[in-house]
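Enquirer: What follows is model12.csv, made up of CSV, C-alpha atoms:
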```csv
chain,number,residue,atom,x,y,z
A,20,MET,CA,62.7,42.9,-1.5
A,21,THR,CA,59.1,41.9,-1.8
A,22,ALA,CA,57.3,39.6,0.7
A,23,THR,CA,57.3,36.9,-1.9
A,24,GLN,CA,61.0,37.2,-2.5
A,25,ALA,CA,61.7,37.1,1.3
A,26,ALA,CA,59.6,34.0,1.7
A,27,THR,CA,61.4,32.3,-1.2
A,28,GLN,CA,64.7,33.2,0.3
A,29,ALA,CA,63.7,31.9,3.7
A,30,THR,CA,62.6,28.6,2.0
A,31,ASP,CA,65.9,28.3,0.2
A,32,ARG,CA,67.9,28.6,3.5
A,33,PRO,CA,69.0,25.2,4.9
A,34,SER,CA,67.0,24.1,7.9
A,35,PRO,CA,68.6,24.8,11.3
A,36,ARG,CA,70.4,21.7,12.7
A,37,VAL,CA,70.6,20.9,16.4
A,38,VAL,CA,72.6,18.1,18.0
A,39,LEU,CA,71.6,17.0,21.5
A,40,LEU,CA,74.0,15.3,23.9
A,41,LEU,CA,72.8,12.8,26.5
A,42,PHE,CA,74.7,10.1,28.3
A,43,GLY,CA,72.0,9.0,30.8
A,44,ASN,CA,68.6,7.6,30.1
A,45,GLY,CA,67.1,10.2,32.5
A,46,ALA,CA,67.6,12.9,29.8
A,47,VAL,CA,65.4,11.1,27.2
A,48,LYS,CA,62.2,12.9,28.2
A,49,ARG,CA,64.0,16.3,27.8
A,50,ALA,CA,65.3,15.2,24.4
A,51,ASN,CA,61.8,14.2,23.3
A,52,ARG,CA,60.2,17.5,24.4
A,53,TYR,CA,62.9,19.4,22.6
A,54,ALA,CA,62.5,17.4,19.4
A,55,ALA,CA,58.7,17.6,19.4
A,56,TYR,CA,58.8,21.4,19.6
A,57,ALA,CA,61.7,22.0,17.2
A,58,CYS,CA,60.9,19.4,14.5
A,59,GLU,CA,57.5,21.0,14.0
A,60,ARG,CA,59.3,24.2,13.1
A,61,GLY,CA,61.6,22.6,10.5
A,62,VAL,CA,64.6,22.1,12.7
A,63,ARG,CA,66.7,19.0,12.0
A,64,VAL,CA,67.4,17.4,15.4
A,65,GLU,CA,70.0,14.7,16.0
A,66,ALA,CA,71.3,13.2,19.2
A,67,VAL,CA,74.4,11.6,20.5
A,68,VAL,CA,73.6,9.0,23.2
A,69,ALA,CA,75.7,6.7,25.4
A,70,ASP,CA,73.3,3.7,25.4
A,71,GLY,CA,75.9,1.0,26.2
A,72,GLN,CA,75.2,0.9,29.9
A,73,ARG,CA,72.1,1.5,32.0
A,74,TRP,CA,70.0,2.0,28.9
A,75,ARG,CA,68.0,-1.2,29.0
A,76,ARG,CA,64.8,0.4,30.4
A,77,ALA,CA,65.3,3.8,28.7
A,78,LEU,CA,62.4,5.4,26.8
A,79,GLU,CA,62.7,5.4,23.1
A,80,ILE,CA,63.8,8.7,21.5
A,81,HIS,CA,61.4,10.5,19.2
A,82,PRO,CA,61.4,9.0,15.7
A,83,MET,CA,62.1,12.4,14.1
A,84,VAL,CA,65.5,12.4,15.8
A,85,ALA,CA,68.5,10.8,14.1
A,86,VAL,CA,70.3,9.1,16.9
A,87,HIS,CA,74.0,8.4,17.0
A,88,SER,CA,75.0,5.6,19.4
A,89,LEU,CA,78.2,5.3,21.5
A,90,ALA,CA,77.2,1.8,22.8
A,91,ALA,CA,79.7,-0.2,20.8
A,92,PRO,CA,82.8,1.8,21.7
A,93,GLU,CA,81.7,2.1,25.3
A,94,ASN,CA,81.2,-1.6,25.7
A,95,ARG,CA,84.7,-2.1,24.2
A,96,LEU,CA,86.4,-0.1,26.9
A,97,PRO,CA,88.8,-2.4,28.6
A,98,GLY,CA,87.3,-2.1,32.1
A,99,VAL,CA,83.8,-2.5,30.9
A,100,TRP,CA,84.6,-5.4,28.6
A,101,LEU,CA,86.7,-7.3,31.1
A,102,TYR,CA,84.0,-6.9,33.8
A,103,GLU,CA,81.2,-8.1,31.6
A,104,THR,CA,83.2,-10.9,30.0
A,105,LEU,CA,84.8,-12.4,33.1
A,106,LEU,CA,82.0,-11.9,35.6
A,107,GLU,CA,78.8,-12.0,33.5
A,108,ARG,CA,78.9,-13.4,30.0
A,109,VAL,CA,81.4,-16.3,30.3
A,110,PRO,CA,80.1,-17.7,33.7
A,111,GLY,CA,76.5,-17.1,32.7
A,112,GLY,CA,77.0,-18.9,29.4
A,113,VAL,CA,78.5,-21.9,31.1
A,114,LEU,CA,75.8,-22.1,33.7
A,115,ARG,CA,73.0,-21.8,31.0
A,116,ARG,CA,74.6,-24.8,29.2
A,117,LEU,CA,74.7,-26.8,32.4
A,118,ASP,CA,71.1,-26.0,33.2
A,119,GLY,CA,69.1,-29.2,33.1
A,120,ARG,CA,72.2,-31.3,32.4
A,121,VAL,CA,73.7,-31.5,35.9
A,122,PRO,CA,72.1,-31.5,39.3
A,123,GLY,CA,71.8,-28.0,40.7
A,124,GLY,CA,72.6,-26.3,37.4
A,125,ASN,CA,69.4,-24.2,37.5
A,126,ALA,CA,70.0,-23.1,41.1
A,127,ALA,CA,73.6,-22.1,40.2
A,128,ALA,CA,72.4,-20.0,37.3
A,129,ARG,CA,69.9,-18.2,39.5
A,130,LEU,CA,72.5,-17.6,42.1
A,131,HIS,CA,74.9,-16.2,39.5
A,132,ARG,CA,72.2,-13.8,38.2
A,133,ARG,CA,71.5,-12.5,41.7
A,134,ALA,CA,75.2,-12.2,42.4
A,135,THR,CA,76.0,-10.3,39.2
A,136,THR,CA,73.0,-7.9,39.7
A,137,TRP,CA,74.4,-7.1,43.2
A,138,LEU,CA,77.9,-6.7,41.9
A,139,ARG,CA,76.9,-4.5,39.0
A,140,ARG,CA,74.9,-2.2,41.3
A,141,ASN,CA,77.3,-2.1,44.3
A,142,VAL,CA,80.7,-2.6,42.7
A,143,PHE,CA,80.7,-1.8,39.0
A,144,TRP,CA,78.6,1.4,39.1
A,145,ARG,CA,80.3,2.7,42.3
A,146,VAL,CA,83.7,2.5,40.5
A,147,TYR,CA,82.6,3.2,36.9
A,148,GLY,CA,79.7,5.6,37.4
A,149,PRO,CA,81.7,8.6,38.8
A,150,VAL,CA,84.2,8.5,35.9
A,151,ARG,CA,81.9,7.4,33.1
A,152,HIS,CA,81.6,10.8,31.5
A,153,HIS,CA,85.4,11.2,31.4
A,154,ALA,CA,85.6,7.8,29.6
A,155,LEU,CA,82.9,8.7,27.2
A,156,ARG,CA,84.2,12.1,26.2
A,157,PRO,CA,87.3,10.9,24.3
A,158,LEU,CA,85.2,8.2,22.6
A,159,ALA,CA,82.9,10.9,21.2
A,160,VAL,CA,85.7,13.3,20.4
A,161,ARG,CA,87.4,10.8,18.2
A,162,ARG,CA,84.2,10.4,16.2
A,163,LEU,CA,83.2,14.1,15.9
A,164,ALA,CA,84.0,14.2,12.1
A,165,ARG,CA,81.3,11.6,11.5
A,166,LEU,CA,78.7,14.1,12.9
A,167,ASP,CA,79.6,16.9,10.4
A,168,LEU,CA,79.3,19.5,13.1
A,169,ALA,CA,80.5,22.1,10.7
A,170,SER,CA,77.0,22.2,9.3
A,171,ALA,CA,75.3,22.3,12.7
A,172,ASP,CA,73.9,25.4,14.3
A,173,ARG,CA,73.6,24.4,17.9
A,174,VAL,CA,74.7,21.7,20.4
A,175,VAL,CA,72.7,21.2,23.5
A,176,CYS,CA,74.1,19.5,26.6
A,177,LEU,CA,71.0,17.9,28.1
A,178,GLU,CA,72.8,16.9,31.3
A,179,GLU,CA,75.8,17.8,33.4
A,180,ALA,CA,77.7,14.7,32.4
A,181,THR,CA,77.9,15.9,28.7
A,182,VAL,CA,79.4,19.3,29.5
A,183,PRO,CA,83.0,18.2,29.1
A,184,LEU,CA,82.2,16.9,25.7
A,185,GLY,CA,80.4,20.2,25.0
A,186,TRP,CA,83.6,22.1,25.9
A,187,SER,CA,85.6,19.9,23.5
A,188,ILE,CA,83.1,20.6,20.7
A,189,ALA,CA,83.1,24.3,21.3
A,190,LYS,CA,86.9,24.5,21.1
A,191,ARG,CA,86.9,22.6,17.7
A,192,TYR,CA,83.9,24.4,16.2
A,193,PRO,CA,84.0,28.0,17.4
A,194,HIS,CA,81.0,29.0,15.2
A,195,LEU,CA,78.7,26.6,17.1
A,196,ALA,CA,76.4,27.7,19.9
A,197,VAL,CA,77.1,25.1,22.6
A,198,THR,CA,74.7,25.5,25.4
A,199,ARG,CA,73.0,23.9,28.4
A,200,ALA,CA,69.8,25.8,27.7
A,201,VAL,CA,67.2,23.2,27.0
A,202,ASP,CA,64.2,25.4,26.3
A,203,PRO,CA,63.3,24.8,22.7
A,204,GLN,CA,60.8,27.7,22.7
A,205,ALA,CA,63.6,30.2,23.6
A,206,ALA,CA,65.8,28.8,20.9
A,207,HIS,CA,63.3,28.3,18.1
A,208,GLY,CA,60.1,30.2,19.1
A,209,ASP,CA,60.6,32.6,16.2
A,210,LEU,CA,60.2,29.9,13.6
A,211,PRO,CA,56.7,29.1,12.3
A,212,VAL,CA,55.2,25.6,12.6
A,213,THR,CA,55.7,24.1,9.1
A,214,ALA,CA,55.2,20.3,9.8
A,215,PRO,CA,52.8,19.5,12.6
A,216,LEU,CA,53.6,16.2,14.2
A,217,GLU,CA,51.2,13.5,15.3
A,218,PRO,CA,51.1,12.9,19.0
A,219,TRP,CA,53.8,10.3,19.9
A,220,ASP,CA,54.0,8.4,23.2
A,221,PRO,CA,57.2,6.3,23.8
A,222,THR,CA,55.2,4.1,26.3
A,223,ASP,CA,52.5,3.2,23.8
A,224,PRO,CA,53.0,-0.5,22.8
A,225,ASP,CA,51.4,0.2,19.4
A,226,ARG,CA,53.5,3.2,18.5
A,227,PRO,CA,55.3,3.2,15.1
A,228,LYS,CA,58.7,1.8,15.4
A,229,ARG,CA,61.6,4.2,14.8
A,230,GLU,CA,64.8,3.5,12.9
A,231,PRO,CA,67.5,1.8,14.9
A,232,TYR,CA,70.2,4.1,16.5
A,233,ARG,CA,73.2,4.6,14.2
A,234,PRO,CA,76.5,3.4,15.5
A,235,LEU,CA,78.9,6.3,15.9
```
Represent the structure from my file as structure tokens, please.

Expert:
Amino acid sequence: MTATQAATQATDRPSPRVVLLLFGNGAVKRANRYAAYACERGVRVEAVVADGQRWRRALEIHPMVAVHSLAAPENRLPGVWLYETLLERVPGGVLRRLDGRVPGGNAAARLHRRATTWLRRNVFWRVYGPVRHHALRPLAVRRLARLDLASADRVVCLEEATVPLGWSIAKRYPHLAVTRAVDPQAAHGDLPVTAPLEPWDPTDPDRPKREPYRPL
């Protein structure tokens, strides 16, 4: 085989495909570093994120990454839905309508906001936080077919909370390399740079807007 034929054959091969798993917003920086390195080398990078809770202040994920969101199914979990509906949304909506119409309405709304902030931090997350990854795993497993993991090459668990989901994926797709190794250079360093990326800063207010996350 000549060098030209080898290059043509390499070009004809499908691009490697990696799926990143992250449930917490603290892993977004790792996801962006991985994507910036891998996408320049022709790797297709996707991510599964649990952005339904504690994601309000999360950094944006790199625009080259196709993001699949678990927000909707997580927010429909009975415990999460009941808590938010009974303690936050319904009382908050009533108090907002009363604001300016009855004496003390504004003060009551402020008190409710402070109370719900305290309850969410000290009650909701103390109960839900330790079991969240167990609740998220079956939600993701039921939607694995939508990810077409049969065509993926690697799944990377970016944090400890996603390891149970990684185990479930490995059982269903034995050909997949499911790993916690988050060093993109070790995984893709043998690939040449084929599409240099412009510098991208998720904190830059003038950055190009990425496509919305796709509901999973």

Enquirer: So that I can check the surroundings of stretch 220-223 of chain A, please list as a list in words every protein, DNA and RNA residue that reaches within 10 Å of it, counting all atoms listed in the file and ignoring chain neighbours fewer than 3 positions away.

Expert: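 In the requested form, the answer reads Lys48, Asn51, Ala77, Leu78, Glu79, Ile80, His81, Pro82, Glu217, Arg226, Pro227 and Lys228 of chain A.
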
Enquirer: Residues near A:Arg151, anyone? I mean within 12 Å using all atoms listed in the file, not counting same-chain ones fewer than 6 positions away, as JSON, numbers by chain.

Expert: {"A": [42, 43, 69, 71, 72, 73, 93, 94, 96, 98, 99, 143, 144, 145, 157, 158, 180, 181, 183]}

Enquirer: Measuring between only C-alpha atoms, which one of A:Trp186, A:Ala128, A:Arg199, A:Gly111 shows the shortest distance to A:Arg156?

Expert: A:Trp186

Enquirer: Need the shell around A:Gly185: protein/DNA/RNA residues with any atom at most 9 Å away, counting only C-alpha atoms. Skip same-chain ones fewer than 6 positions apart. Format as a PyMOL selection string?

Expert: chain A and resi 40+174-176+197-199

Enquirer: Would you work out the distance separating atom CA of A:Asp202 from atom CA of A:Leu163, expressed in Å to one decimal?

Expert: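 Distance reported for this atom pair: 24.4 Å.
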
Enquirer: In Å, rounded to a single decimal, give me how far atom CA of A:Pro97 is from atom CA of A:Tyr147.

Expert: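 Distance reported for this atom pair: 11.8 Å.
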
Enquirer: Taking (64.6, 24.0, 7.2) as a centre in this file's frame and 7 Å as the limit, can you find every polymer residue with an atom that close, using all atoms listed in the file, and give them as a list in words?

Expert: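 Applying the cut-off with all atoms listed in the file, one gets Arg32, Pro33, Ser34, Pro35, Gly61 and Val62 of chain A.
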